[in-house]
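S.K.: Provided herewith: data-v3.pdb, PDB, C-alpha atoms.
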ATOM      1  CA  MET Y   3     -23.010  -2.795  89.107
ATOM      2  CA  PHE Y   4     -21.490  -2.476  85.678
ATOM      3  CA  ALA Y   5     -23.736  -1.805  82.731
ATOM      4  CA  TRP Y   6     -22.451  -3.697  79.682
ATOM      5  CA  ARG Y   7     -23.478  -2.309  76.353
ATOM      6  CA  SER Y   8     -24.148  -4.934  73.692
ATOM      7  CA  ILE Y   9     -21.532  -5.000  70.946
ATOM      8  CA  ARG Y  10     -22.928  -4.469  67.467
ATOM      9  CA  ASN Y  11     -21.354  -5.774  64.261
ATOM     10  CA  SER Y  12     -20.528  -2.183  63.290
ATOM     11  CA  ASP Y  13     -18.403  -1.844  66.452
ATOM     12  CA  MET Y  14     -16.418  -4.973  65.615
ATOM     13  CA  ALA Y  15     -15.479  -3.490  62.247
ATOM     14  CA  ARG Y  16     -13.684  -0.664  64.067
ATOM     15  CA  ASN Y  17     -10.987  -2.996  65.429
ATOM     16  CA  LEU Y  18      -7.912  -2.622  63.242
ATOM     17  CA  ASP Y  19      -6.065  -5.780  62.257
ATOM     18  CA  MET Y  20      -2.478  -5.637  63.584
ATOM     19  CA  THR Y  21      -1.271  -8.014  60.869
ATOM     20  CA  ALA Y  22      -2.735  -5.750  58.197
ATOM     21  CA  LEU Y  23      -1.156  -2.717  59.858
ATOM     22  CA  ARG Y  24       2.250  -4.446  59.807
ATOM     23  CA  SER Y  25       1.861  -5.167  56.108
ATOM     24  CA  PHE Y  26       0.802  -1.580  55.433
ATOM     25  CA  ALA Y  27       3.766  -0.158  57.375
ATOM     26  CA  ALA Y  28       6.184  -2.509  55.614
ATOM     27  CA  VAL Y  29       4.890  -1.579  52.148
ATOM     28  CA  ALA Y  30       5.082   2.110  53.053
ATOM     29  CA  GLU Y  31       8.683   1.711  54.256
ATOM     30  CA  VAL Y  32      10.036  -0.074  51.172
ATOM     31  CA  GLY Y  33       7.688   1.283  48.506
ATOM     32  CA  GLY Y  34       6.499  -2.038  47.123
ATOM     33  CA  VAL Y  35       4.472  -5.143  47.929
ATOM     34  CA  THR Y  36       7.031  -7.666  46.665
ATOM     35  CA  LYS Y  37       9.902  -6.466  48.837
ATOM     36  CA  ALA Y  38       7.640  -6.050  51.873
ATOM     37  CA  ALA Y  39       6.391  -9.613  51.433
ATOM     38  CA  GLY Y  40       9.969 -10.859  51.566
ATOM     39  CA  PHE Y  41      10.671  -9.068  54.844
ATOM     40  CA  LEU Y  42       7.408 -10.274  56.367
ATOM     41  CA  ASN Y  43       7.879 -13.889  55.190
ATOM     42  CA  LEU Y  44       4.499 -13.736  53.473
ATOM     43  CA  THR Y  45       3.391 -14.238  49.904
ATOM     44  CA  GLN Y  46       2.785 -11.196  47.738
ATOM     45  CA  SER Y  47      -0.885 -12.110  47.408
ATOM     46  CA  ALA Y  48      -1.269 -12.355  51.200
ATOM     47  CA  VAL Y  49       0.151  -8.856  51.689
ATOM     48  CA  SER Y  50      -2.059  -7.461  48.907
ATOM     49  CA  MET Y  51      -5.130  -9.045  50.497
ATOM     50  CA  GLN Y  52      -4.302  -7.548  53.910
ATOM     51  CA  LEU Y  53      -3.908  -4.100  52.362
ATOM     52  CA  LYS Y  54      -7.248  -4.475  50.609
ATOM     53  CA  ARG Y  55      -8.984  -5.489  53.857
ATOM     54  CA  LEU Y  56      -7.451  -2.529  55.681
ATOM     55  CA  GLU Y  57      -8.650  -0.087  53.019
ATOM     56  CA  GLU Y  58     -12.120  -1.659  53.057
ATOM     57  CA  ALA Y  59     -12.290  -1.493  56.881
ATOM     58  CA  LEU Y  60     -11.424   2.215  56.874
ATOM     59  CA  GLY Y  61     -13.408   2.961  53.729
ATOM     60  CA  ILE Y  62     -10.610   5.043  52.170
ATOM     61  CA  PRO Y  63      -7.725   4.368  49.764
ATOM     62  CA  LEU Y  64      -4.357   4.269  51.509
ATOM     63  CA  LEU Y  65      -2.054   3.546  48.582
ATOM     64  CA  GLU Y  66      -1.668   4.789  45.051
ATOM     65  CA  ARG Y  67      -0.479   1.988  42.806
ATOM     66  CA  SER Y  68       1.557   2.481  39.628
ATOM     67  CA  GLY Y  69       3.866   0.481  37.420
ATOM     68  CA  ARG Y  70       6.856   1.711  39.425
ATOM     69  CA  GLY Y  71       5.516   0.677  42.815
ATOM     70  CA  VAL Y  72       3.206   2.214  45.375
ATOM     71  CA  SER Y  73       3.006   5.553  47.166
ATOM     72  CA  LEU Y  74       0.888   6.759  50.077
ATOM     73  CA  THR Y  75      -2.264   8.781  49.721
ATOM     74  CA  ALA Y  76      -2.804  11.677  52.125
ATOM     75  CA  ALA Y  77      -4.835   9.333  54.334
ATOM     76  CA  GLY Y  78      -2.115   6.704  54.086
ATOM     77  CA  GLU Y  79       0.515   9.180  55.256
ATOM     78  CA  GLN Y  80      -1.639  10.025  58.237
ATOM     79  CA  LEU Y  81      -2.246   6.363  59.079
ATOM     80  CA  LEU Y  82       1.451   5.461  58.869
ATOM     81  CA  GLY Y  83       2.362   7.426  62.002
ATOM     82  CA  TYR Y  84      -0.443   5.780  63.965
ATOM     83  CA  ALA Y  85       0.453   2.334  62.590
ATOM     84  CA  ARG Y  86       4.077   2.639  63.687
ATOM     85  CA  ARG Y  87       3.066   3.626  67.215
ATOM     86  CA  MET Y  88       0.476   0.847  67.464
ATOM     87  CA  ILE Y  89       2.926  -1.796  66.259
ATOM     88  CA  ALA Y  90       5.611  -0.601  68.673
ATOM     89  CA  LEU Y  91       3.137  -0.562  71.579
ATOM     90  CA  ASN Y  92       1.791  -3.997  70.672
ATOM     91  CA  ASP Y  93       5.309  -5.454  70.627
ATOM     92  CA  GLU Y  94       6.230  -3.740  73.895
ATOM     93  CA  ILE Y  95       3.153  -5.118  75.658
ATOM     94  CA  TYR Y  96       3.810  -8.603  74.362
ATOM     95  CA  ALA Y  97       7.462  -8.541  75.413
ATOM     96  CA  ARG Y  98       6.731  -7.125  78.881
ATOM     97  CA  LEU Y  99       3.850  -9.424  79.785
ATOM     98  CA  THR Y 100       5.213 -12.652  78.353
ATOM     99  CA  ASP Y 101       8.814 -12.006  79.517
ATOM    100  CA  ARG Y 102      10.102 -14.335  76.844
ATOM    101  CA  ALA Y 103      13.637 -14.569  75.551
ATOM    102  CA  VAL Y 104      14.322 -13.045  72.155
ATOM    103  CA  THR Y 105      13.391 -15.534  69.451
ATOM    104  CA  GLY Y 106      13.127 -15.460  65.700
ATOM    105  CA  GLU Y 107      15.221 -15.956  62.604
ATOM    106  CA  ILE Y 108      17.844 -13.778  60.926
ATOM    107  CA  THR Y 109      19.262 -14.323  57.451
ATOM    108  CA  LEU Y 110      22.838 -13.146  56.848
ATOM    109  CA  GLY Y 111      24.262 -13.159  53.321
ATOM    110  CA  VAL Y 112      28.038 -13.303  52.833
ATOM    111  CA  PRO Y 113      30.141 -13.821  49.683
ATOM    112  CA  GLY Y 114      31.840 -17.204  49.812
ATOM    113  CA  ASP Y 115      35.326 -15.759  49.552
ATOM    114  CA  ILE Y 116      35.021 -13.682  52.751
ATOM    115  CA  VAL Y 117      33.226 -16.163  55.015
ATOM    116  CA  TYR Y 118      36.562 -17.059  56.607
ATOM    117  CA  PRO Y 119      38.061 -16.133  58.965
ATOM    118  CA  ALA Y 120      35.573 -13.665  60.491
ATOM    119  CA  ILE Y 121      32.083 -15.118  60.072
ATOM    120  CA  PRO Y 122      32.434 -18.395  62.059
ATOM    121  CA  GLN Y 123      33.508 -16.488  65.188
ATOM    122  CA  VAL Y 124      30.711 -13.954  64.623
ATOM    123  CA  LEU Y 125      28.073 -16.690  64.480
ATOM    124  CA  ARG Y 126      29.526 -18.476  67.484
ATOM    125  CA  ARG Y 127      29.394 -15.322  69.626
ATOM    126  CA  PHE Y 128      25.925 -14.421  68.385
ATOM    127  CA  ASN Y 129      24.593 -17.884  69.228
ATOM    128  CA  ALA Y 130      25.981 -17.569  72.752
ATOM    129  CA  ALA Y 131      24.224 -14.230  73.235
ATOM    130  CA  TYR Y 132      20.953 -15.128  71.468
ATOM    131  CA  PRO Y 133      20.576 -18.924  71.707
ATOM    132  CA  GLN Y 134      16.894 -18.859  70.699
ATOM    133  CA  VAL Y 135      17.436 -16.806  67.535
ATOM    134  CA  LYS Y 136      18.190 -18.862  64.441
ATOM    135  CA  ALA Y 137      20.900 -17.292  62.288
ATOM    136  CA  ASP Y 138      20.811 -18.563  58.697
ATOM    137  CA  LEU Y 139      23.962 -18.027  56.626
ATOM    138  CA  VAL Y 140      23.551 -17.630  52.866
ATOM    139  CA  SER Y 141      26.766 -17.830  50.849
ATOM    140  CA  ALA Y 142      26.591 -16.325  47.362
ATOM    141  CA  ASN Y 143      28.342 -13.756  45.197
ATOM    142  CA  THR Y 144      27.789 -10.052  45.780
ATOM    143  CA  ILE Y 145      25.503  -9.591  42.767
ATOM    144  CA  HIS Y 146      23.166 -12.360  43.886
ATOM    145  CA  LEU Y 147      23.181 -11.147  47.505
ATOM    146  CA  ARG Y 148      22.246  -7.627  46.436
ATOM    147  CA  GLU Y 149      19.310  -9.070  44.491
ATOM    148  CA  MET Y 150      18.182 -11.134  47.497
ATOM    149  CA  PHE Y 151      18.487  -8.096  49.766
ATOM    150  CA  ALA Y 152      16.369  -6.024  47.382
ATOM    151  CA  ARG Y 153      13.664  -8.707  47.498
ATOM    152  CA  GLY Y 154      13.717  -8.772  51.314
ATOM    153  CA  GLU Y 155      15.186 -12.268  51.502
ATOM    154  CA  CYS Y 156      18.204 -11.249  53.628
ATOM    155  CA  ASP Y 157      18.186  -9.133  56.774
ATOM    156  CA  LEU Y 158      21.884  -8.280  56.538
ATOM    157  CA  ILE Y 159      24.417  -8.758  53.753
ATOM    158  CA  LEU Y 160      28.125  -8.256  53.327
ATOM    159  CA  THR Y 161      29.389  -7.304  49.870
ATOM    160  CA  THR Y 162      32.751  -6.941  48.171
ATOM    161  CA  GLU Y 163      32.558  -3.858  45.974
ATOM    162  CA  GLY Y 164      34.487  -0.946  44.567
ATOM    163  CA  ALA Y 165      32.015   1.619  45.909
ATOM    164  CA  LEU Y 166      29.271   2.030  48.497
ATOM    165  CA  ASP Y 167      25.569   2.400  47.798
ATOM    166  CA  ALA Y 168      23.057   4.332  49.867
ATOM    167  CA  GLY Y 169      22.156   2.690  53.154
ATOM    168  CA  GLY Y 170      25.406   0.772  53.529
ATOM    169  CA  GLU Y 171      28.615   1.218  55.485
ATOM    170  CA  THR Y 172      32.168   0.284  54.585
ATOM    171  CA  LEU Y 173      33.757  -1.963  57.194
ATOM    172  CA  ILE Y 174      37.239  -2.242  55.714
ATOM    173  CA  ARG Y 175      39.244  -1.667  52.517
ATOM    174  CA  LEU Y 176      41.549  -4.463  51.429
ATOM    175  CA  PRO Y 177      43.819  -4.945  48.423
ATOM    176  CA  LEU Y 178      43.071  -7.707  45.970
ATOM    177  CA  ARG Y 179      45.851 -10.314  45.727
ATOM    178  CA  TRP Y 180      46.795 -12.923  43.157
ATOM    179  CA  VAL Y 181      46.467 -16.408  44.664
ATOM    180  CA  GLY Y 182      47.502 -19.839  43.507
ATOM    181  CA  ALA Y 183      48.467 -23.303  44.668
ATOM    182  CA  PRO Y 184      51.277 -23.506  47.257
ATOM    183  CA  ASP Y 185      54.543 -23.639  45.278
ATOM    184  CA  GLY Y 186      52.451 -23.604  42.091
ATOM    185  CA  ASN Y 187      53.536 -22.559  38.619
ATOM    186  CA  ALA Y 188      50.245 -21.683  36.931
ATOM    187  CA  TRP Y 189      51.016 -17.966  37.317
ATOM    188  CA  ARG Y 190      54.076 -18.345  35.060
ATOM    189  CA  GLN Y 191      52.091 -19.673  32.078
ATOM    190  CA  ARG Y 192      51.118 -17.520  29.112
ATOM    191  CA  PRO Y 193      48.387 -17.029  28.329
ATOM    192  CA  LEU Y 194      47.671 -16.730  32.039
ATOM    193  CA  ARG Y 195      45.038 -19.260  33.032
ATOM    194  CA  LEU Y 196      42.277 -17.717  35.163
ATOM    195  CA  ALA Y 197      39.657 -19.339  37.384
ATOM    196  CA  PHE Y 198      36.575 -17.309  38.324
ATOM    197  CA  GLU Y 199      32.905 -17.732  39.055
ATOM    198  CA  HIS Y 200      30.662 -16.594  36.203
ATOM    199  CA  SER Y 201      29.329 -13.596  38.112
ATOM    200  CA  CYS Y 202      32.365 -12.787  40.265
ATOM    201  CA  ILE Y 203      32.470  -9.036  40.838
ATOM    202  CA  PHE Y 204      36.302  -9.013  40.601
ATOM    203  CA  ARG Y 205      36.465 -10.757  37.247
ATOM    204  CA  LYS Y 206      36.201  -7.851  34.792
ATOM    205  CA  SER Y 207      38.570  -5.567  36.699
ATOM    206  CA  VAL Y 208      41.205  -8.334  36.855
ATOM    207  CA  GLN Y 209      40.895  -8.998  33.121
ATOM    208  CA  LYS Y 210      41.239  -5.270  32.431
ATOM    209  CA  ALA Y 211      44.379  -5.079  34.581
ATOM    210  CA  LEU Y 212      45.919  -7.887  32.543
ATOM    211  CA  ASP Y 213      44.907  -6.229  29.262
ATOM    212  CA  ASP Y 214      46.413  -2.920  30.388
ATOM    213  CA  ALA Y 215      49.643  -4.734  31.279
ATOM    214  CA  GLY Y 216      49.726  -6.502  27.911
ATOM    215  CA  ILE Y 217      49.550  -9.969  29.491
ATOM    216  CA  PRO Y 218      47.554 -12.530  27.483
ATOM    217  CA  TRP Y 219      45.012 -14.539  29.456
ATOM    218  CA  GLU Y 220      42.308 -17.164  29.046
ATOM    219  CA  MET Y 221      39.442 -18.372  31.176
ATOM    220  CA  ALA Y 222      40.596 -21.854  32.073
ATOM    221  CA  VAL Y 223      38.032 -22.592  34.786
ATOM    222  CA  GLU Y 224      34.517 -21.175  35.146
ATOM    223  CA  ALA Y 225      32.011 -22.366  37.735
ATOM    224  CA  ASP Y 226      29.002 -21.253  39.744
ATOM    225  CA  ALA Y 227      30.434 -22.406  43.090
ATOM    226  CA  HIS Y 228      33.364 -20.776  44.886
ATOM    227  CA  ARG Y 229      34.532 -24.131  46.243
ATOM    228  CA  ALA Y 230      34.948 -25.431  42.684
ATOM    229  CA  ILE Y 231      37.161 -22.438  41.880
ATOM    230  CA  GLU Y 232      39.252 -23.036  44.994
ATOM    231  CA  ALA Y 233      39.707 -26.712  44.111
ATOM    232  CA  SER Y 234      40.897 -25.855  40.595
ATOM    233  CA  VAL Y 235      43.373 -23.265  41.862
ATOM    234  CA  CYS Y 236      44.606 -25.621  44.586
ATOM    235  CA  ALA Y 237      45.310 -28.178  41.844
ATOM    236  CA  ASP Y 238      47.502 -25.539  40.090
ATOM    237  CA  LEU Y 239      45.219 -25.464  37.052
ATOM    238  CA  ALA Y 240      44.805 -21.682  37.144
ATOM    239  CA  VAL Y 241      45.164 -18.564  39.303
ATOM    240  CA  HIS Y 242      42.541 -16.561  41.115
ATOM    241  CA  THR Y 243      42.250 -13.344  43.162
ATOM    242  CA  LEU Y 244      41.131 -12.865  46.766
ATOM    243  CA  LEU Y 245      41.129 -10.034  49.251
ATOM    244  CA  GLU Y 246      44.154  -9.848  51.513
ATOM    245  CA  GLY Y 247      43.476 -11.627  54.780
ATOM    246  CA  MET Y 248      40.812 -13.866  53.220
ATOM    247  CA  ILE Y 249      43.169 -16.416  51.656
ATOM    248  CA  PRO Y 250      42.485 -19.964  52.950
ATOM    249  CA  PRO Y 251      45.405 -22.133  54.126
ATOM    250  CA  HIS Y 252      45.273 -24.418  51.074
ATOM    251  CA  LEU Y 253      46.070 -21.469  48.789
ATOM    252  CA  GLU Y 254      48.733 -18.793  48.984
ATOM    253  CA  ALA Y 255      49.399 -15.269  47.774
ATOM    254  CA  ILE Y 256      51.624 -15.429  44.690
ATOM    255  CA  SER Y 257      55.081 -13.861  45.028
ATOM    256  CA  HIS Y 258      55.318 -12.930  41.363
ATOM    257  CA  GLY Y 259      57.964 -10.194  41.642
ATOM    258  CA  GLY Y 260      56.069  -7.859  39.333
ATOM    259  CA  ALA Y 261      55.324 -10.463  36.663
ATOM    260  CA  LEU Y 262      51.622  -9.859  37.270
ATOM    261  CA  PRO Y 263      49.935  -6.443  37.514
ATOM    262  CA  ALA Y 264      49.084  -4.874  40.862
ATOM    263  CA  LEU Y 265      45.378  -5.049  41.637
ATOM    264  CA  MET Y 266      42.998  -2.500  43.102
ATOM    265  CA  GLU Y 267      41.550  -2.194  46.579
ATOM    266  CA  LYS Y 268      38.019  -3.353  47.277
ATOM    267  CA  GLN Y 269      35.572  -2.534  50.056
ATOM    268  CA  ILE Y 270      33.741  -4.930  52.322
ATOM    269  CA  ASN Y 271      30.379  -3.258  52.861
ATOM    270  CA  LEU Y 272      27.587  -4.033  55.298
ATOM    271  CA  TYR Y 273      23.906  -3.450  54.503
ATOM    272  CA  VAL Y 274      21.165  -3.883  57.125
ATOM    273  CA  ALA Y 275      17.517  -3.873  56.072
ATOM    274  CA  ASP Y 276      15.497  -1.109  57.762
ATOM    275  CA  LEU Y 277      12.537  -3.419  58.297
ATOM    276  CA  ALA Y 278      14.744  -6.029  59.946
ATOM    277  CA  ARG Y 279      15.997  -3.709  62.699
ATOM    278  CA  SER Y 280      15.769  -5.331  66.134
ATOM    279  CA  PRO Y 281      18.054  -5.790  69.152
ATOM    280  CA  ALA Y 282      19.202  -9.146  67.784
ATOM    281  CA  VAL Y 283      19.899  -7.816  64.280
ATOM    282  CA  ASP Y 284      21.732  -4.804  65.692
ATOM    283  CA  ALA Y 285      23.797  -7.120  67.904
ATOM    284  CA  LEU Y 286      24.747  -9.296  64.929
ATOM    285  CA  ALA Y 287      25.724  -6.213  62.926
ATOM    286  CA  GLY Y 288      27.867  -5.053  65.851
ATOM    287  CA  LEU Y 289      29.678  -8.391  66.029
ATOM    288  CA  ILE Y 290      30.359  -8.238  62.290
ATOM    289  CA  ARG Y 291      31.775  -4.714  62.568
ATOM    290  CA  HIS Y 292      34.051  -5.760  65.428
ATOM    291  CA  ALA Y 293      35.266  -8.888  63.625
ATOM    292  CA  PHE Y 294      36.318  -7.009  60.490
ATOM    293  CA  ALA Y 295      37.801  -4.121  62.471
ATOM    294  CA  THR Y 296      40.134  -6.565  64.214
ATOM    295  CA  LEU Y 297      41.228  -8.574  61.161
TER     296      LEU Y 297
END
Please render this file's structure as structure tokens.

M.R.:
Amino acid sequence: MFAWRSIRNSDMARNLDMTALRSFAAVAEVGGVTKAAGFLNLTQSAVSMQLKRLEEALGIPLLERSGRGVSLTAAGEQLLGYARRMIALNDEIYARLTDRAVTGEITLGVPGDIVYPAIPQVLRRFNAAYPQVKADLVSANTIHLREMFARGECDLILTTEGALDAGGETLIRLPLRWVGAPDGNAWRQRPLRLAFEHSCIFRKSVQKALDDAGIPWEMAVEADAHRAIEASVCADLAVHTLLEGMIPPHLEAISHGGALPALMEKQINLYVADLARSPAVDALAGLIRHAFATL
């Protein structure tokens, strides 16, 4: 015979909410509610409410809030270790007992001018390996992608930059090339007619190179979309710059014979969000590394 003890309301209050623990661990990892909400696909108010419920259930403050973000109290630091182990154990139990294929959604951000030729083959191979994981591709300029990544809206991003920030890795260094329409003449005109997106990260360095070389220039085409820039350059209305190896077939590298200044090298960097780490995310990152290593 088993003797069952009646469960009192006070006993029920001692069951920790796994969803609240996930929110707490996420906020502790990134140091803020807004960014954690982005990674968790929750609203900021929902995460704040879960944190409040967790603190009320334990009867102690876990976070110290300030204008610059949040930090852990001594009790919060102690809870974080337990929370990580509980979340990992919960996920392990679920995976073992349900024996389900990996599912979910991953958001990859890539600047429009380096989508081709590597990213289509990356996504094709990833889909073959993880058919039940949805991979969303976001195409935007580096500045916008960095902002999205900071808000937790992208799990991985590629950037085209002159340097590397903490947490990233450089996949490849490529020289920047002048590009124009096939057999075009726009590069011969003075002032040199340029076509760039408003927030293109290459724009200022290209203008400076022209200034240093004493070559007059004007912004002939400005747009928010990379495809609009490509169309204008393809029509021989202006010239543009792209990384070597990323030039689409409807444009070509300009053989200017020194009439235009040499341009600098740029890095293609990969950033993977710590909170997004999973076998599927790591596999996608590995495919991206391989694709750019074999360009």

S.K.: Report the distance between CA of Leu125 in chain Y and CA of Tyr273 in chain Y in Å, rounded to one decimal place.

M.R.: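 Distance between the two atoms: 17.1 Å.
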
S.K.: Name the residues that the PyMOL selection byres ((chain Y and resi 192-196) around 7) picks from the file above, as a list in words, using the file's chain letters and numbers.

M.R.: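 Applied to this file, the PyMOL selection byres ((chain Y and resi 192-196) around 7) returns Ala188, Trp189, Arg190, Gln191, Ala197, Phe198, Pro218, Trp219, Glu220, Met221, Ala222, Val223, Ala240, Val241 and His242 of chain Y.
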
S.K.: Could you turn the residues from that selection into a file that holds C-alpha atoms, as a PDB file, in the coordinates of the input?

M.R.:
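Once everything was written out, this is out-v6.pdb:
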ATOM      1  CA  ALA Y 188      50.245 -21.683  36.931  1.00  0.00           C
ATOM      2  CA  TRP Y 189      51.016 -17.966  37.317  1.00  0.00           C
ATOM      3  CA  ARG Y 190      54.076 -18.345  35.060  1.00  0.00           C
ATOM      4  CA  GLN Y 191      52.091 -19.673  32.078  1.00  0.00           C
ATOM      5  CA  ALA Y 197      39.657 -19.339  37.384  1.00  0.00           C
ATOM      6  CA  PHE Y 198      36.575 -17.309  38.324  1.00  0.00           C
ATOM      7  CA  PRO Y 218      47.554 -12.530  27.483  1.00  0.00           C
ATOM      8  CA  TRP Y 219      45.012 -14.539  29.456  1.00  0.00           C
ATOM      9  CA  GLU Y 220      42.308 -17.164  29.046  1.00  0.00           C
ATOM     10  CA  MET Y 221      39.442 -18.372  31.176  1.00  0.00           C
ATOM     11  CA  ALA Y 222      40.596 -21.854  32.073  1.00  0.00           C
ATOM     12  CA  VAL Y 223      38.032 -22.592  34.786  1.00  0.00           C
ATOM     13  CA  ALA Y 240      44.805 -21.682  37.144  1.00  0.00           C
ATOM     14  CA  VAL Y 241      45.164 -18.564  39.303  1.00  0.00           C
ATOM     15  CA  HIS Y 242      42.541 -16.561  41.115  1.00  0.00           C
TER      16      HIS Y 242
END

S.K.: Have a look at CA of Ala261 in chain Y and CA of Ile249 in chain Y and let me know their distance in Å, one decimal.

M.R.: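 Pair CA of Ala261 in chain Y / CA of Ile249 in chain Y returns 20.2 Å.
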
S.K.: Rank nothing, just name the residue among Y:Leu42, Y:Ile270, Y:Leu289, Y:Met51 nearest to Arg126 in chain Y, using only C-alpha atoms.

M.R.: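 Once distances to Arg126 in chain Y are computed over only C-alpha atoms, the minimum belongs to Y:Leu289.
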
S.K.: Care to translate the PyMOL selection byres ((chain Y and resi 252) around 8) into actual residues of this file, as a PyMOL selection string?

M.R.: chain Y and resi 183-184+236+250-251+253-254

S.K.: Could those residues be written to a file, using C-alpha atoms, as a short mmCIF file (atom, residue, chain, number, x, y, z; two decimals), in the coordinates of the input?

M.R.:
data_model
loop_
_atom_site.label_atom_id
_atom_site.label_comp_id
_atom_site.auth_asym_id
_atom_site.auth_seq_id
_atom_site.Cartn_x
_atom_site.Cartn_y
_atom_site.Cartn_z
CA ALA Y 183 48.47 -23.30 44.67
CA PRO Y 184 51.28 -23.51 47.26
CA CYS Y 236 44.61 -25.62 44.59
CA PRO Y 250 42.48 -19.96 52.95
CA PRO Y 251 45.40 -22.13 54.13
CA LEU Y 253 46.07 -21.47 48.79
CA GLU Y 254 48.73 -18.79 48.98
#

S.K.: For Leu23 in chain Y, please output as an MDAnalysis selection string all residues within 12 Å (counting all atoms listed in the file; exclusion window: fewer than 3 positions along the same chain).

M.R.: chainID Y and resid 17:20 26:30 42 49:57 59:60 64 78 81:90 92

S.K.: May I ask which of the residues Y:Val135, Y:Leu277, Y:Ala130, Y:Ile203 is the closest one to Gly164 in chain Y, counting all atoms listed in the file?

M.R.: Y:Ile203

S.K.: With distances taken over only C-alpha atoms, which residue among Y:Val35, Y:Thr172, Y:Val208, Y:Leu158 lies nearest Ser73 in chain Y?

M.R.: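 Once distances to Ser73 in chain Y are computed over only C-alpha atoms, the minimum belongs to Y:Val35.
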
S.K.: For Leu65 in chain Y, which of Y:Leu166, Y:Gly33, Y:Phe294, Y:Leu44 is the closest residue, counting all atoms listed in the file?

M.R.: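 Of all the options, Y:Gly33 lies closest to Leu65 in chain Y.
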
S.K.: Rank Y:Arg205, Y:His200, Y:Arg179, Y:His292 by their smallest atom-to-atom distance to Glu267 in chain Y, using all atoms listed in the file, and report the top residue only.

M.R.: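 Ranked by minimum distance to Glu267 in chain Y, first place goes to Y:Arg179.
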
S.K.: Could you jot down the CA of Asp115 in chain Y to CA of Leu245 in chain Y separation for me, Å, one decimal place?

M.R.: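 Between these atoms lies a distance of 8.2 Å.
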
S.K.: Of the candidates Y:Pro122, Y:Gly182, Y:Gly40, Y:Gly260, which one gets nearest to Ser25 in chain Y if we count all atoms listed in the file?

M.R.: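 The shortest atom-to-atom distance to Ser25 in chain Y comes from Y:Gly40.
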
S.K.: When you look at Leu173 in chain Y with a cut-off of 10 Å (counting all atoms listed in the file), what residues show up, excluding the ones that are within fewer than 5 positions of it in the same chain? I need them as a list of chain:residue names.

M.R.: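 Result of the neighbour search: Y:Leu160, Y:Gln269, Y:Ile270, Y:Asn271, Y:Leu272, Y:Ile290, Y:Arg291, Y:His292, Y:Ala293, Y:Phe294, Y:Ala295.
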
S.K.: Would you list the residues near (30.3, -7.9, 43.6) (no more than 8 Å away, in the coordinates of the file, using all atoms listed in the file) as a PyMOL selection string?

M.R.: chain Y and resi 143-145+161-163+201-204

S.K.: Where's the centre, and what are the edge lengths in Å to one decimal, of a box along x, y and z enclosing all listed atoms of range 268-285 of chain Y padded 4 Å per side, as AutoDock Vina command-line options?

M.R.:
--center_x 25.3 --center_y -5.1 --center_z 58.2 --size_x 33.5 --size_y 16.0 --size_z 29.9

S.K.: Which residues would end up in the selection if the PyMOL selection byres ((chain Y and resi 159) around 12) were applied here, given that I need the answer as a ChimeraX atom specification?

M.R.: /Y:108-114,116-117,121,138-152,154-158,160-162,169-172,270-275,278,283,286-287,290

S.K.: Just so I have it separately, write range 119-151 of chain Y from the block I sent, keeping C-alpha atoms, as an mmCIF file, in the first residue's frame.

M.R.:
data_model
loop_
_atom_site.group_PDB
_atom_site.id
_atom_site.type_symbol
_atom_site.label_atom_id
_atom_site.label_comp_id
_atom_site.auth_asym_id
_atom_site.auth_seq_id
_atom_site.Cartn_x
_atom_site.Cartn_y
_atom_site.Cartn_z
ATOM 1 C CA PRO Y 119 27.227 32.324 -55.045
ATOM 2 C CA ALA Y 120 27.632 30.662 -51.627
ATOM 3 C CA ILE Y 121 24.334 31.010 -49.762
ATOM 4 C CA PRO Y 122 21.971 29.118 -52.139
ATOM 5 C CA GLN Y 123 24.132 25.976 -51.930
ATOM 6 C CA VAL Y 124 24.400 26.391 -48.147
ATOM 7 C CA LEU Y 125 20.619 26.521 -47.754
ATOM 8 C CA ARG Y 126 20.108 23.609 -50.117
ATOM 9 C CA ARG Y 127 22.506 21.386 -48.152
ATOM 10 C CA PHE Y 128 21.075 22.497 -44.820
ATOM 11 C CA ASN Y 129 17.528 21.701 -45.943
ATOM 12 C CA ALA Y 130 18.629 18.214 -46.979
ATOM 13 C CA ALA Y 131 20.171 17.594 -43.557
ATOM 14 C CA TYR Y 132 17.447 19.282 -41.469
ATOM 15 C CA PRO Y 133 14.227 19.127 -43.524
ATOM 16 C CA GLN Y 134 12.007 20.020 -40.550
ATOM 17 C CA VAL Y 135 13.959 23.146 -39.584
ATOM 18 C CA LYS Y 136 12.810 26.312 -41.322
ATOM 19 C CA ALA Y 137 15.720 28.507 -42.400
ATOM 20 C CA ASP Y 138 14.668 32.125 -42.971
ATOM 21 C CA LEU Y 139 17.036 34.277 -45.036
ATOM 22 C CA VAL Y 140 17.098 38.012 -44.319
ATOM 23 C CA SER Y 141 18.927 40.131 -46.890
ATOM 24 C CA ALA Y 142 20.006 43.572 -45.686
ATOM 25 C CA ASN Y 143 23.109 45.724 -45.393
ATOM 26 C CA THR Y 144 25.681 45.032 -42.696
ATOM 27 C CA ILE Y 145 24.636 47.961 -40.495
ATOM 28 C CA HIS Y 146 21.014 46.841 -40.411
ATOM 29 C CA LEU Y 147 21.974 43.194 -39.818
ATOM 30 C CA ARG Y 148 24.167 44.146 -36.869
ATOM 31 C CA GLU Y 149 21.222 46.035 -35.373
ATOM 32 C CA MET Y 150 18.899 43.049 -35.879
ATOM 33 C CA PHE Y 151 21.475 40.715 -34.335
#
